[in-house]
$ cat input39.txt   # compact mmCIF, C-alpha atoms
# COMPACT_ATOMS: atom_id res chain seq x y z
CA ALA A 1 0.00 0.00 0.00
CA LEU A 2 1.06 3.57 -0.68
CA VAL A 3 -0.63 6.09 1.64
CA VAL A 4 -0.13 9.77 0.78
CA PRO A 5 -1.52 13.07 2.12
CA ASP A 6 -2.76 14.56 -1.15
CA VAL A 7 -2.99 12.79 -4.52
CA ALA A 8 -3.72 16.17 -6.16
CA ASN A 9 -0.19 17.33 -5.32
CA PRO A 10 2.12 16.76 -8.33
CA PHE A 11 4.92 15.79 -5.94
CA PHE A 12 3.00 12.77 -4.66
CA ALA A 13 1.92 11.86 -8.19
CA ALA A 14 5.62 11.63 -9.10
CA VAL A 15 6.35 9.58 -5.96
CA VAL A 16 3.58 7.14 -6.87
CA ARG A 17 4.93 6.79 -10.39
CA GLY A 18 8.42 6.03 -9.12
CA ALA A 19 7.27 3.58 -6.45
CA GLU A 20 4.95 1.72 -8.78
CA SER A 21 7.65 1.28 -11.43
CA VAL A 22 9.73 -0.68 -8.91
CA ALA A 23 6.78 -2.63 -7.50
CA VAL A 24 5.56 -3.78 -10.91
CA HIS A 25 9.06 -4.88 -11.86
CA ASP A 26 9.28 -6.93 -8.67
CA GLY A 27 5.84 -8.51 -9.10
CA TYR A 28 3.87 -6.44 -6.59
CA THR A 29 0.58 -4.57 -6.98
CA VAL A 30 0.28 -1.12 -5.36
CA PHE A 31 -2.87 0.02 -3.56
CA LEU A 32 -3.04 3.83 -3.38
CA ALA A 33 -4.83 5.68 -0.58
CA ASN A 34 -5.28 9.43 -0.07
CA ILE A 35 -5.63 10.78 3.49
CA ASP A 36 -6.15 14.49 2.69
CA GLU A 37 -3.58 15.62 5.31
CA SER A 38 -5.80 14.12 8.06
CA GLU A 39 -4.42 11.93 10.83
CA GLU A 40 -7.94 10.68 11.59
CA ARG A 41 -8.46 9.59 8.01
CA GLU A 42 -4.98 8.09 7.94
CA THR A 43 -5.79 5.94 10.99
CA LYS A 44 -8.95 4.61 9.31
CA VAL A 45 -7.04 3.79 6.13
CA VAL A 46 -4.19 2.09 8.01
CA ASN A 47 -6.65 0.02 10.05
CA SER A 48 -8.39 -1.12 6.87
CA LEU A 49 -5.11 -2.20 5.26
CA ILE A 50 -3.49 -4.12 8.12
CA GLY A 51 -3.58 -7.81 7.22
CA ARG A 52 -4.40 -7.07 3.56
CA VAL A 53 -1.01 -5.86 2.30
CA ASP A 54 2.55 -7.18 2.55
CA GLY A 55 4.06 -3.79 3.36
CA MET A 56 3.39 -0.08 3.30
CA LEU A 57 4.87 3.20 2.09
CA LEU A 58 3.48 5.96 4.27
CA THR A 59 3.67 9.74 4.47
CA PRO A 60 2.43 10.38 8.04
CA ALA A 61 0.24 13.39 8.74
CA SER A 62 2.61 14.60 11.48
CA GLU A 63 5.87 13.70 13.19
CA SER A 64 3.95 12.70 16.34
CA ASP A 65 1.67 10.41 14.33
CA PRO A 66 1.20 7.06 16.18
CA ASN A 67 0.39 5.03 13.05
CA PRO A 68 3.98 4.10 12.08
CA GLN A 69 4.56 2.51 15.48
CA ARG A 70 1.17 0.78 15.33
CA LEU A 71 2.14 -0.77 12.00
CA ALA A 72 5.51 -1.85 13.38
CA ASP A 73 3.81 -3.41 16.39
CA ARG A 74 1.63 -5.43 13.99
CA GLY A 75 4.69 -6.58 12.04
CA VAL A 76 3.93 -4.62 8.87
CA PRO A 77 7.13 -3.68 6.98
CA LEU A 78 7.11 0.10 6.58
CA VAL A 79 9.02 2.86 4.79
CA LEU A 80 8.29 6.55 5.41
CA ILE A 81 8.37 9.01 2.50
CA ASP A 82 9.03 12.74 2.96
CA ARG A 83 8.29 12.58 6.68
CA GLU A 84 10.02 11.35 9.81
CA SER A 85 8.40 9.86 12.86
CA ALA A 86 9.35 10.11 16.51
CA PRO A 87 11.74 8.85 17.64
CA PRO A 88 13.97 9.50 14.58
CA GLY A 89 15.81 6.49 13.18
CA THR A 90 13.06 3.99 13.97
CA PHE A 91 11.89 3.39 10.40
CA ASP A 92 13.39 3.32 6.92
CA THR A 93 12.90 6.87 5.60
CA VAL A 94 13.45 8.67 2.28
CA LEU A 95 13.73 12.45 2.54
CA VAL A 96 15.23 15.39 0.69
CA ASP A 97 17.41 18.13 2.11
CA ASN A 98 14.47 20.34 3.07
CA GLY A 99 16.46 22.73 5.23
CA GLY A 100 19.25 23.07 2.70
CA GLY A 101 16.80 23.73 -0.12
CA ALA A 102 15.05 26.44 1.87
CA ARG A 103 18.40 28.08 2.68
CA ILE A 104 19.31 28.09 -1.02
CA ALA A 105 15.98 29.73 -1.84
CA VAL A 106 16.31 32.51 0.73
CA GLU A 107 19.97 33.12 -0.06
CA HIS A 108 19.01 33.48 -3.73
CA LEU A 109 16.58 36.24 -2.74
CA ILE A 110 19.20 37.87 -0.54
CA SER A 111 21.64 37.81 -3.48
CA HIS A 112 19.16 40.02 -5.37
CA GLY A 113 19.28 42.55 -2.52
CA HIS A 114 16.17 41.56 -0.56
CA GLU A 115 16.00 41.91 3.22
CA ARG A 116 12.22 41.98 3.86
CA ILE A 117 11.65 38.36 2.89
CA ALA A 118 8.43 36.62 3.89
CA THR A 119 7.69 32.91 3.96
CA ILE A 120 4.51 30.95 3.46
CA ALA A 121 5.41 27.93 5.55
CA GLY A 122 3.85 24.50 5.72
CA PRO A 123 2.56 22.93 8.95
CA VAL A 124 5.50 22.84 11.35
CA THR A 125 4.19 19.54 12.78
CA SER A 126 5.35 17.92 9.52
CA THR A 127 8.96 17.21 8.62
CA PRO A 128 9.10 19.37 5.47
CA GLY A 129 7.15 22.21 7.09
CA ARG A 130 9.46 22.29 10.10
CA LEU A 131 12.75 21.87 8.24
CA ARG A 132 11.93 24.35 5.47
CA PHE A 133 10.99 26.97 8.04
CA ASP A 134 14.23 26.24 9.89
CA GLY A 135 16.15 26.74 6.64
CA TYR A 136 14.40 30.06 6.03
CA ARG A 137 15.24 31.23 9.55
CA GLU A 138 18.86 30.06 9.38
CA ALA A 139 19.45 31.84 6.05
CA LEU A 140 18.17 35.12 7.47
CA GLU A 141 20.24 34.75 10.64
CA SER A 142 23.42 33.93 8.73
CA HIS A 143 23.08 37.23 6.84
CA GLY A 144 22.19 39.30 9.90
CA ILE A 145 18.56 39.81 8.83
CA GLU A 146 15.97 39.98 11.61
CA LEU A 147 13.25 37.33 11.64
CA ARG A 148 9.93 39.21 11.69
CA ALA A 149 6.86 37.37 12.96
CA GLU A 150 4.47 39.22 10.62
CA LEU A 151 6.45 37.96 7.62
CA CYS A 152 6.06 34.30 8.68
CA GLN A 153 2.66 33.06 7.53
CA LEU A 154 1.55 29.46 8.07
CA GLY A 155 -0.16 27.59 5.27
CA ASP A 156 -1.47 24.06 4.90
CA PHE A 157 0.45 22.77 1.83
CA LYS A 158 -2.71 23.38 -0.24
CA ARG A 159 -3.55 25.99 -2.87
CA HIS A 160 -6.20 27.80 -0.84
CA GLY A 161 -3.86 28.04 2.14
CA GLY A 162 -1.22 29.64 -0.06
CA TYR A 163 -3.79 32.11 -1.40
CA GLN A 164 -4.94 33.14 2.06
CA ALA A 165 -1.39 33.45 3.39
CA MET A 166 -0.34 35.65 0.47
CA MET A 167 -3.40 37.85 0.98
CA ARG A 168 -2.35 38.36 4.61
CA ILE A 169 1.17 39.23 3.49
CA LEU A 170 -0.06 41.73 0.91
CA GLY A 171 -2.33 43.28 3.52
CA LEU A 172 0.58 44.30 5.76
CA ALA A 173 1.25 48.01 6.19
CA ASP A 174 4.74 47.42 4.79
CA PRO A 175 4.60 44.31 2.58
CA PRO A 176 7.82 42.37 1.92
CA THR A 177 9.75 42.64 -1.31
CA ALA A 178 10.14 38.86 -1.68
CA VAL A 179 8.43 35.63 -0.60
CA PHE A 180 9.64 32.04 -0.22
CA VAL A 181 6.74 29.57 -0.49
CA ALA A 182 7.28 26.14 1.03
CA ASN A 183 5.53 23.90 -1.50
CA ASN A 184 4.15 23.83 -5.03
CA LEU A 185 0.39 24.01 -4.36
CA MET A 186 0.76 26.95 -1.96
CA THR A 187 2.92 28.67 -4.59
CA ILE A 188 0.09 28.36 -7.10
CA GLY A 189 -2.34 29.81 -4.56
CA ALA A 190 0.06 32.66 -3.81
CA LEU A 191 0.32 33.47 -7.53
CA TYR A 192 -3.48 33.63 -7.78
CA ALA A 193 -3.50 36.14 -4.91
CA LEU A 194 -0.88 38.28 -6.64
CA ARG A 195 -2.89 38.21 -9.85
CA ASP A 196 -6.13 39.16 -8.10
CA LEU A 197 -4.51 42.22 -6.53
CA GLY A 198 -2.62 43.28 -9.63
CA VAL A 199 0.81 42.72 -8.09
CA GLN A 200 3.52 42.17 -10.71
CA VAL A 201 6.26 39.53 -10.41
CA PRO A 202 9.13 40.34 -10.02
CA ALA A 203 8.69 44.12 -10.41
CA ASP A 204 6.56 44.47 -7.26
CA ILE A 205 7.52 41.29 -5.44
CA SER A 206 9.89 38.38 -6.05
CA ILE A 207 8.70 34.84 -5.41
CA ILE A 208 10.43 31.47 -5.21
CA GLY A 209 8.73 28.14 -4.51
CA PHE A 210 9.75 24.71 -3.24
CA ASP A 211 9.10 21.92 -5.80
CA ASP A 212 8.98 22.31 -9.55
CA HIS A 213 5.76 21.62 -11.45
CA VAL A 214 4.58 21.49 -15.04
CA LEU A 215 3.23 25.06 -15.06
CA ALA A 216 6.35 26.66 -13.60
CA GLU A 217 8.08 27.10 -16.96
CA ILE A 218 5.08 28.32 -18.97
CA ILE A 219 3.55 30.90 -16.62
CA SER A 220 4.63 34.51 -17.06
CA PRO A 221 7.18 35.06 -15.75
CA PRO A 222 8.55 31.51 -15.45
CA LEU A 223 8.88 30.55 -11.78
CA THR A 224 12.17 30.10 -9.94
CA VAL A 225 11.94 27.00 -7.73
CA ILE A 226 13.83 24.61 -5.53
CA ASP A 227 13.68 21.28 -7.36
CA ARG A 228 14.14 17.79 -5.98
CA PRO A 229 14.20 14.26 -7.47
CA MET A 230 10.53 13.53 -6.75
CA GLU A 231 10.17 10.30 -8.69
CA GLU A 232 13.46 9.02 -7.26
CA GLN A 233 12.04 9.35 -3.73
CA GLY A 234 9.34 6.85 -4.70
CA VAL A 235 11.83 4.55 -6.41
CA LEU A 236 14.18 4.44 -3.43
CA ALA A 237 11.36 4.02 -0.92
CA MET A 238 9.92 1.04 -2.78
CA ARG A 239 13.38 -0.52 -3.15
CA LEU A 240 13.88 -0.25 0.60
CA LEU A 241 10.49 -1.85 1.20
CA THR A 242 10.92 -4.74 -1.23
CA SER A 243 14.37 -5.47 0.17
CA ARG A 244 12.72 -5.87 3.60
CA LEU A 245 9.97 -8.05 2.13
CA ARG A 246 12.52 -10.35 0.47
CA GLY A 247 14.61 -10.55 3.63
CA ALA A 248 17.58 -9.03 1.80
CA ASN A 249 17.78 -6.22 4.37
CA THR A 250 17.32 -7.09 8.03
CA GLY A 251 19.60 -4.43 9.46
CA PRO A 252 18.83 -1.17 11.26
CA ALA A 253 16.59 1.49 9.75
CA ARG A 254 18.08 3.50 6.89
CA ARG A 255 17.64 7.25 6.44
CA VAL A 256 18.19 8.42 2.87
CA VAL A 257 18.42 12.18 2.18
CA LEU A 258 18.47 13.38 -1.44
CA ASP A 259 19.84 16.72 -2.61
CA THR A 260 17.83 19.69 -3.87
CA ARG A 261 18.81 22.25 -6.50
CA LEU A 262 17.90 25.76 -7.58
CA LEU A 263 16.14 26.15 -10.93
CA GLU A 264 16.62 29.82 -11.70
CA ARG A 265 14.01 31.36 -13.98
CA ASP A 266 12.51 34.88 -14.02
CA SER A 267 10.36 35.36 -10.90
CA CYS A 268 13.12 36.90 -8.77
CA GLY A 269 14.65 40.33 -9.23
CA PRO A 270 15.85 43.32 -7.20
CA PRO A 271 13.61 44.90 -4.53
CA ARG A 272 10.93 47.27 -5.81
CA THR A 273 11.58 51.00 -5.63
CA GLN A 274 7.90 52.04 -5.78
CA PRO A 275 5.08 51.38 -3.28
CA MET A 276 3.25 48.07 -3.57
CA PRO A 277 0.01 48.34 -5.61
CA THR A 278 -3.15 47.68 -3.62
CA GLY A 279 -5.15 46.00 -6.39

$ encode --input "input39.txt" --output "structure tokens"
Amino acid sequence: ALVVPDVANPFFAAVVRGAESVAVHDGYTVFLANIDESEERETKVVNSLIGRVDGMLLTPASESDPNPQRLADRGVPLVLIDRESAPPGTFDTVLVDNGGGARIAVEHLISHGHERIATIAGPVTSTPGRLRFDGYREALESHGIELRAELCQLGDFKRHGGYQAMMRILGLADPPTAVFVANNLMTIGALYALRDLGVQVPADISIIGFDDHVLAEIISPPLTVIDRPMEEQGVLAMRLLTSRLRGANTGPARRVVLDTRLLERDSCGPPRTQPMPTG
């Protein structure tokens, strides 16, 4: 089974594609379940699958989620994707360098001359939400830039959450000159908010997102993003799981962390010199 938070997110679609390519090659069938970022729904799905599948790839709703340990207690082989679970090191896990990617994003904005840099962060109860916010904070601190609470807006990793967070940012008395958005769907929502208020990118505000997507190159201007090997996360996770199922790997839990990279396009420029338009 492959249990993910949001099948509408292109990142998880790529993970599914990668995982299924390995499973089919090894003679397994993959059952896909969507939990809509809900721990309650995740628990119901996990309960329904115990005893019906040989193993599971899981993206837990939060780091304090009890379901990974429940599966382990029932003897279900398990690999976590894009999330860790307390205590760290208990389960095979495939991550990317979330903190490093966020630092690269913010430092790219700083290199253009920005100091009032906002973030639309994901839920800090999740591994990527927490680590990407940490990377944002660390990049500011390393350049002597003050972390301002009003510039740190929490989202939910969904498009509407990104839209609402960007609206709050644009409603500030002194809006920032740049924004780092912590995932692809929130970036799309943020861009809708900018469009609705007539804010131009990058003339009025620079924006950089985490995760590439198919629209990033064709929107105007093309979007600068932090990219990661999304499909490879699924491939490696399924390989870890099938090696457990075959008994080829009986050792301690493995933690795999893949690199991220900056894809520089045209959505970042120098800070604006005129007041922000109000729409």

$ residues_around --input "input39.txt" --residues "Ser142 in chain A" --least-positions-apart "3" --cutoff "12 Å" --atoms "all atoms listed in the file" --output "list in words"
Arg103, Val106, Glu107, Ile110, Gly135, Tyr136, Arg137, Glu138, Ala139, Ile145, Glu146 and Leu147 of chain A

$ write_last_selection --input "input39.txt" --atoms "C-alpha atoms" --output "PDB file, in the coordinates of the input"
ATOM      1  CA  ARG A 103      18.400  28.080   2.680  1.00  0.00           C
ATOM      2  CA  VAL A 106      16.310  32.510   0.730  1.00  0.00           C
ATOM      3  CA  GLU A 107      19.970  33.120  -0.060  1.00  0.00           C
ATOM      4  CA  ILE A 110      19.200  37.870  -0.540  1.00  0.00           C
ATOM      5  CA  GLY A 135      16.150  26.740   6.640  1.00  0.00           C
ATOM      6  CA  TYR A 136      14.400  30.060   6.030  1.00  0.00           C
ATOM      7  CA  ARG A 137      15.240  31.230   9.550  1.00  0.00           C
ATOM      8  CA  GLU A 138      18.860  30.060   9.380  1.00  0.00           C
ATOM      9  CA  ALA A 139      19.450  31.840   6.050  1.00  0.00           C
ATOM     10  CA  ILE A 145      18.560  39.810   8.830  1.00  0.00           C
ATOM     11  CA  GLU A 146      15.970  39.980  11.610  1.00  0.00           C
ATOM     12  CA  LEU A 147      13.250  37.330  11.640  1.00  0.00           C
TER      13      LEU A 147
END

$ closest_atom_pairs --input "input39.txt" --of "range 93-202 of chain A" --to "range 61-82 of chain A" --cutoff "6 Å" --atoms "only C-alpha atoms" --output "tab-separated table"
residue	atom	partner	partner_atom	distance
A:Thr93	CA	A:Leu80	CA	4.6
A:Val94	CA	A:Ile81	CA	5.1
A:Leu95	CA	A:Asp82	CA	4.7
A:Thr125	CA	A:Ser62	CA	5.3
A:Ser126	CA	A:Ser62	CA	4.7

$ residues_around --input "input39.txt" --residues "range 204-209 of chain A" --least-positions-apart "3" --cutoff "7 Å" --atoms "all atoms listed in the file" --output "ChimeraX atom specification"
/A:105,177-184,187,199-201,223-226,267-269,272,276

$ closest_residue --input "input39.txt" --among "A:Gly198, A:Gly113, A:Pro275, A:Gly155" --to "Ala173 in chain A" --atoms "all atoms listed in the file"
A:Pro275

$ atom_distance --input "input39.txt" --atom1 "CA of Val30 in chain A" --atom2 "CA of Val16 in chain A"
9.0 Å

$ closest_residue --input "input39.txt" --among "A:Asn249, A:Thr90, A:Ser111, A:Thr242" --to "Asp54 in chain A" --atoms "all atoms listed in the file"
A:Thr242

$ closest_residue --input "input39.txt" --among "A:Glu115, A:Gly100, A:Tyr192, A:Asp156" --to "His143 in chain A" --atoms "all atoms listed in the file"
A:Glu115

$ axis_aligned_box --input "input39.txt" --around "range 134-149 of chain A" --padding-each-side "3 Å" --output "AutoDock Vina command-line options"
--center_x 15.1 --center_y 33.1 --center_z 9.5 --size_x 22.6 --size_y 19.7 --size_z 12.9

$ closest_residue --input "input39.txt" --among "A:Ala193, A:Val96, A:Leu2, A:Ala149" --to "Tyr28 in chain A" --atoms "only C-alpha atoms"
A:Leu2

$ atom_distance --input "input39.txt" --atom1 "CA of Ala19 in chain A" --atom2 "CA of Phe133 in chain A"
27.8 Å

$ atom_distance --input "input39.txt" --atom1 "CA of Met167 in chain A" --atom2 "CA of Ile35 in chain A"
27.3 Å

$ residues_around --input "input39.txt" --residues "range 4-6 of chain A" --least-positions-apart "3" --cutoff "12 Å" --atoms "only C-alpha atoms" --output "mmCIF file with C-alpha atoms, in the frame of the given file"
data_model
loop_
_atom_site.group_PDB
_atom_site.id
_atom_site.type_symbol
_atom_site.label_atom_id
_atom_site.label_comp_id
_atom_site.auth_asym_id
_atom_site.auth_seq_id
_atom_site.Cartn_x
_atom_site.Cartn_y
_atom_site.Cartn_z
ATOM 1 C CA ALA A 1 0.000 0.000 0.000
ATOM 2 C CA ASN A 9 -0.190 17.330 -5.320
ATOM 3 C CA PRO A 10 2.120 16.760 -8.330
ATOM 4 C CA PHE A 11 4.920 15.790 -5.940
ATOM 5 C CA PHE A 12 3.000 12.770 -4.660
ATOM 6 C CA ALA A 13 1.920 11.860 -8.190
ATOM 7 C CA ALA A 14 5.620 11.630 -9.100
ATOM 8 C CA VAL A 15 6.350 9.580 -5.960
ATOM 9 C CA VAL A 16 3.580 7.140 -6.870
ATOM 10 C CA PHE A 31 -2.870 0.020 -3.560
ATOM 11 C CA LEU A 32 -3.040 3.830 -3.380
ATOM 12 C CA ALA A 33 -4.830 5.680 -0.580
ATOM 13 C CA ASN A 34 -5.280 9.430 -0.070
ATOM 14 C CA ILE A 35 -5.630 10.780 3.490
ATOM 15 C CA ASP A 36 -6.150 14.490 2.690
ATOM 16 C CA GLU A 37 -3.580 15.620 5.310
ATOM 17 C CA SER A 38 -5.800 14.120 8.060
ATOM 18 C CA GLU A 39 -4.420 11.930 10.830
ATOM 19 C CA GLU A 40 -7.940 10.680 11.590
ATOM 20 C CA ARG A 41 -8.460 9.590 8.010
ATOM 21 C CA GLU A 42 -4.980 8.090 7.940
ATOM 22 C CA VAL A 45 -7.040 3.790 6.130
ATOM 23 C CA VAL A 46 -4.190 2.090 8.010
ATOM 24 C CA MET A 56 3.390 -0.080 3.300
ATOM 25 C CA LEU A 57 4.870 3.200 2.090
ATOM 26 C CA LEU A 58 3.480 5.960 4.270
ATOM 27 C CA THR A 59 3.670 9.740 4.470
ATOM 28 C CA PRO A 60 2.430 10.380 8.040
ATOM 29 C CA ALA A 61 0.240 13.390 8.740
ATOM 30 C CA SER A 62 2.610 14.600 11.480
ATOM 31 C CA LEU A 80 8.290 6.550 5.410
ATOM 32 C CA ILE A 81 8.370 9.010 2.500
ATOM 33 C CA ASP A 82 9.030 12.740 2.960
ATOM 34 C CA ARG A 83 8.290 12.580 6.680
ATOM 35 C CA SER A 126 5.350 17.920 9.520
ATOM 36 C CA ASP A 156 -1.470 24.060 4.900
ATOM 37 C CA PHE A 157 0.450 22.770 1.830
ATOM 38 C CA LYS A 158 -2.710 23.380 -0.240
ATOM 39 C CA ARG A 159 -3.550 25.990 -2.870
ATOM 40 C CA LEU A 185 0.390 24.010 -4.360
ATOM 41 C CA GLY A 234 9.340 6.850 -4.700
#
